[in-house]
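Notes for the one structure printed next.
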Amino acid sequence: MTLRSAMMAAIVLGLGGLGLVAWIGLQLPSKPVVAVDAAPPPPATTQILAAAHPLRAGSLLKYDDIQPQEALVSPPR
């Protein structure tokens with residue numbers, strides 16, 4: 001086998017292998033692209049103390065007169 005024959009055989013085998021890889025790549029089913037929307041973060045909240053029921057002006061506050069409540073935190077300006 002001469003050097004020229006060996007080089008031609010290597011080129012033919014290389015191109016054949018490249019063609020086989022390209023053909024297999026085209027036969028694979030393509031995955032559909034799914035756009036995932038990121039869920040918005042929950043609003044920022046904090047706990048505050050609020051009146052548990054209507055209070056009279058000037059009355060003494062007791063433990064049962066106040067309760068914790070969730071409130072939204074306003075964004076900084």
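In the structure tokens, each chain is lettered A, B, ... as it comes, each chain's residues begin at 1, and ligands are numbered from 1 in order of appearance.
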Write down as a list of chain:residue names the residues belonging to chain A that are assigned strand (DSSP E) by DSSP computed on the backbone. A:Thr45, A:Thr46, A:Gln47, A:Ile48, A:Leu49, A:Ala50, A:Ala51, A:Ile66, A:Gln67, A:Pro68, A:Gln69, A:Glu70, A:Ala71, A:Leu72
Among chain A, which ones does DSSP assign to alpha helix (DSSP H) (computed from the backbone)? Answer as a list in words. Leu3, Arg4, Ser5, Ala6, Met7, Met8, Ala9, Ala10, Ile11, Val12, Leu13, Gly14, Leu15, Gly16, Gly17, Leu18, Gly19, Leu20, Val21, Ala22, Trp23, Ile24, Gly25, Leu26 and Gln27 of chain A
If you count only C-alpha atoms, which residues fall within 12 Å of Gln69 (chain A), apart from same-chain ones fewer than 2 positions away, as a ChimeraX atom specification? /A:45-52,66-67,71-72
